[in-house]
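Here the structure is laid out as structure tokens; the discussion comes afterwards.
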Amino acid sequence: APARPSAVRGRAASVSVRAAVDPTIAYAVAQQDLFFAAVVAGECAYQQGNLPADFKGRPEFKDIALPCGVLVASFLAIQTDNGVVTPGGLILGAAGCVLAGKMFLDRFDAIEDDGMDWPGPRVFPGTGILFALFALLANVEALPRIMGGV
């Protein structure tokens with residue numbers, strides 16, 4: 001909202017009215033969290049059909065349940081437009097990104113590199129690590145913006 005002058009002890013002062021939460025930033029990050037959860041689940045479903053059950057580094061639905069659940073909860077919390085719950089949702093989203101990133105890193109490390117297949121089966125968890133990092137940064141960088149700092 002534009003600033004409007006008001007009288008304070010005989011002097012003109014500028015008063016600006018602003019919402020507790022900037023909805024455009026919060027919604028953008030919430031959508032990224034939800035999309036990242038969908039990517040994690042989709043990649044797991046895709047790999048279930050492509051990799052043998054005994055393949056080291058194969059994603060399992062039990063391993064993605066917590067990160068995806070936390071990311072969806074983050075989406076729901078951010079959507080509240082509440083001055084306390086929305087920042088909590090961003091923190092929850094950051095935690096979900098860390099969990100997903102750890103899961104991708106563990107998978108990346110578990111896959112043995114034979115040196116013959118490039119980029120090989122490590123491309124999916126490697127890309128997942130990058131996606132987790134980008135989503136984590138979106139959540140962390142949005143916190144000061146919605147709190148009115150930047």
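How things are named: the first chain in the structure tokens is A, the next is B, and so on; residues count from 1 in each chain; ligands count from 1 in the order shown.
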Practice task
Show which residues sit within 10 Å of A:Glu43, as a ChimeraX atom specification. Count only C-alpha atoms, and ignore same-chain residues fewer than 5 positions away.
Solution key: /A:37-38,48,59,124-125,128
Exercise for the section: From a DSSP pass on the backbone, collect the residues of stretch 9-149 of chain A flagged as alpha helix (DSSP H) and hand them back as a PyMOL selection string. Expected result: chain A and resi 23-50+61-78+85-110+123-146
Completion exercise
Between A:Ile64, A:Ala53, A:Leu76, A:Val85, smallest distance to A:Leu34 by only C-alpha atoms belongs to A:Leu76
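With only C-alpha atoms taken into account, the protein and nucleic acid residues at most 12 Å from A:Asp63 (excluding it and anything under 5 positions from it in its own chain) are Val40, Ala41, Cys44, Gly57, Arg58, Cys68, Gly69, Leu99, Ala100, Gly101, Lys102, Met103, Phe104, Asp106 and Arg107 of chain A.
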Export of prior selection with N, CA, C and O atoms as a compact mmCIF listing (two decimals), in the first residue's frame:
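Below is the file that was written, part06.txt:
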# COMPACT_ATOMS: atom_id res chain seq x y z
N VAL A 40 10.20 -35.77 -6.60
CA VAL A 40 10.81 -36.85 -5.81
C VAL A 40 9.97 -38.13 -5.93
O VAL A 40 10.50 -39.22 -6.19
N ALA A 41 8.65 -37.99 -5.78
CA ALA A 41 7.77 -39.16 -5.88
C ALA A 41 7.75 -39.72 -7.30
O ALA A 41 7.79 -40.94 -7.49
N CYS A 44 10.94 -41.61 -8.06
CA CYS A 44 10.94 -42.90 -7.36
C CYS A 44 10.08 -43.89 -8.13
O CYS A 44 10.50 -45.04 -8.36
N GLY A 57 21.13 -48.25 -4.49
CA GLY A 57 20.78 -46.87 -4.82
C GLY A 57 19.41 -46.73 -5.44
O GLY A 57 19.02 -45.64 -5.82
N ARG A 58 18.67 -47.83 -5.54
CA ARG A 58 17.30 -47.77 -6.07
C ARG A 58 16.40 -47.11 -5.04
O ARG A 58 16.42 -47.48 -3.87
N CYS A 68 8.73 -36.22 1.31
CA CYS A 68 7.57 -35.75 0.54
C CYS A 68 6.45 -35.27 1.46
O CYS A 68 5.81 -34.26 1.19
N GLY A 69 6.23 -35.98 2.55
CA GLY A 69 5.21 -35.57 3.51
C GLY A 69 5.52 -34.22 4.13
O GLY A 69 4.64 -33.37 4.30
N LEU A 99 16.08 -33.33 4.05
CA LEU A 99 15.80 -34.77 4.09
C LEU A 99 15.87 -35.39 2.69
O LEU A 99 16.46 -36.45 2.50
N ALA A 100 15.27 -34.71 1.71
CA ALA A 100 15.31 -35.22 0.34
C ALA A 100 16.74 -35.22 -0.20
O ALA A 100 17.17 -36.17 -0.85
N GLY A 101 17.47 -34.15 0.08
CA GLY A 101 18.86 -34.07 -0.35
C GLY A 101 19.71 -35.17 0.25
O GLY A 101 20.55 -35.78 -0.43
N LYS A 102 19.49 -35.47 1.51
CA LYS A 102 20.23 -36.56 2.17
C LYS A 102 19.89 -37.90 1.53
O LYS A 102 20.76 -38.73 1.29
N MET A 103 18.61 -38.10 1.23
CA MET A 103 18.19 -39.34 0.58
C MET A 103 18.85 -39.48 -0.79
O MET A 103 19.38 -40.53 -1.14
N PHE A 104 18.87 -38.39 -1.57
CA PHE A 104 19.52 -38.42 -2.88
C PHE A 104 21.03 -38.65 -2.75
O PHE A 104 21.63 -39.40 -3.52
N ASP A 106 22.61 -40.22 -0.29
CA ASP A 106 22.83 -41.61 0.09
C ASP A 106 22.70 -42.53 -1.12
O ASP A 106 23.48 -43.48 -1.27
N ARG A 107 21.73 -42.26 -1.97
CA ARG A 107 21.56 -43.06 -3.19
C ARG A 107 22.75 -42.87 -4.13
O ARG A 107 23.23 -43.83 -4.72
Problem - Backbone-only DSSP, strand (DSSP E or B) members of stretch 4-136 of chain A, as a PyMOL selection string - result: chain A and resi 4-8+11-15
How would the residues just chosen look if you wrote them out with N, CA, C and O atoms as an mmCIF file, in the first residue's frame?
data_model
loop_
_atom_site.group_PDB
_atom_site.id
_atom_site.type_symbol
_atom_site.label_atom_id
_atom_site.label_comp_id
_atom_site.auth_asym_id
_atom_site.auth_seq_id
_atom_site.Cartn_x
_atom_site.Cartn_y
_atom_site.Cartn_z
ATOM 1 N N ARG A 4 1.125 7.073 3.340
ATOM 2 C CA ARG A 4 0.256 8.245 3.463
ATOM 3 C C ARG A 4 0.724 9.065 4.661
ATOM 4 O O ARG A 4 1.138 8.519 5.683
ATOM 5 N N PRO A 5 0.691 10.360 4.534
ATOM 6 C CA PRO A 5 1.157 11.198 5.637
ATOM 7 C C PRO A 5 0.143 11.227 6.774
ATOM 8 O O PRO A 5 -1.058 11.111 6.567
ATOM 9 N N SER A 6 0.654 11.358 7.975
ATOM 10 C CA SER A 6 -0.205 11.544 9.141
ATOM 11 C C SER A 6 0.496 12.506 10.091
ATOM 12 O O SER A 6 1.705 12.651 10.072
ATOM 13 N N ALA A 7 -0.285 13.162 10.898
ATOM 14 C CA ALA A 7 0.283 14.152 11.817
ATOM 15 C C ALA A 7 0.747 13.463 13.093
ATOM 16 O O ALA A 7 0.001 12.747 13.730
ATOM 17 N N VAL A 8 2.009 13.658 13.432
ATOM 18 C CA VAL A 8 2.568 13.130 14.664
ATOM 19 C C VAL A 8 3.273 14.299 15.341
ATOM 20 O O VAL A 8 4.276 14.786 14.866
ATOM 21 N N ARG A 11 4.289 17.226 13.231
ATOM 22 C CA ARG A 11 5.138 16.987 12.062
ATOM 23 C C ARG A 11 4.490 15.935 11.169
ATOM 24 O O ARG A 11 3.768 15.075 11.638
ATOM 25 N N ALA A 12 4.798 16.014 9.903
ATOM 26 C CA ALA A 12 4.290 15.013 8.973
ATOM 27 C C ALA A 12 5.189 13.783 9.046
ATOM 28 O O ALA A 12 6.401 13.885 9.060
ATOM 29 N N ALA A 13 4.567 12.625 9.125
ATOM 30 C CA ALA A 13 5.314 11.368 9.169
ATOM 31 C C ALA A 13 4.749 10.440 8.102
ATOM 32 O O ALA A 13 3.586 10.507 7.752
ATOM 33 N N SER A 14 5.588 9.596 7.606
ATOM 34 C CA SER A 14 5.166 8.647 6.593
ATOM 35 C C SER A 14 4.870 7.310 7.265
ATOM 36 O O SER A 14 5.700 6.777 7.995
ATOM 37 N N VAL A 15 3.687 6.803 7.035
ATOM 38 C CA VAL A 15 3.283 5.538 7.607
ATOM 39 C C VAL A 15 2.933 4.603 6.458
ATOM 40 O O VAL A 15 2.161 4.969 5.582
#
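Residues in contact range of A:Val140, defined as at most 9 Å between only C-alpha atoms, with sequence neighbours fewer than 6 positions away removed, read Leu90, Ile91, Gly93 and Ala94 of chain A.
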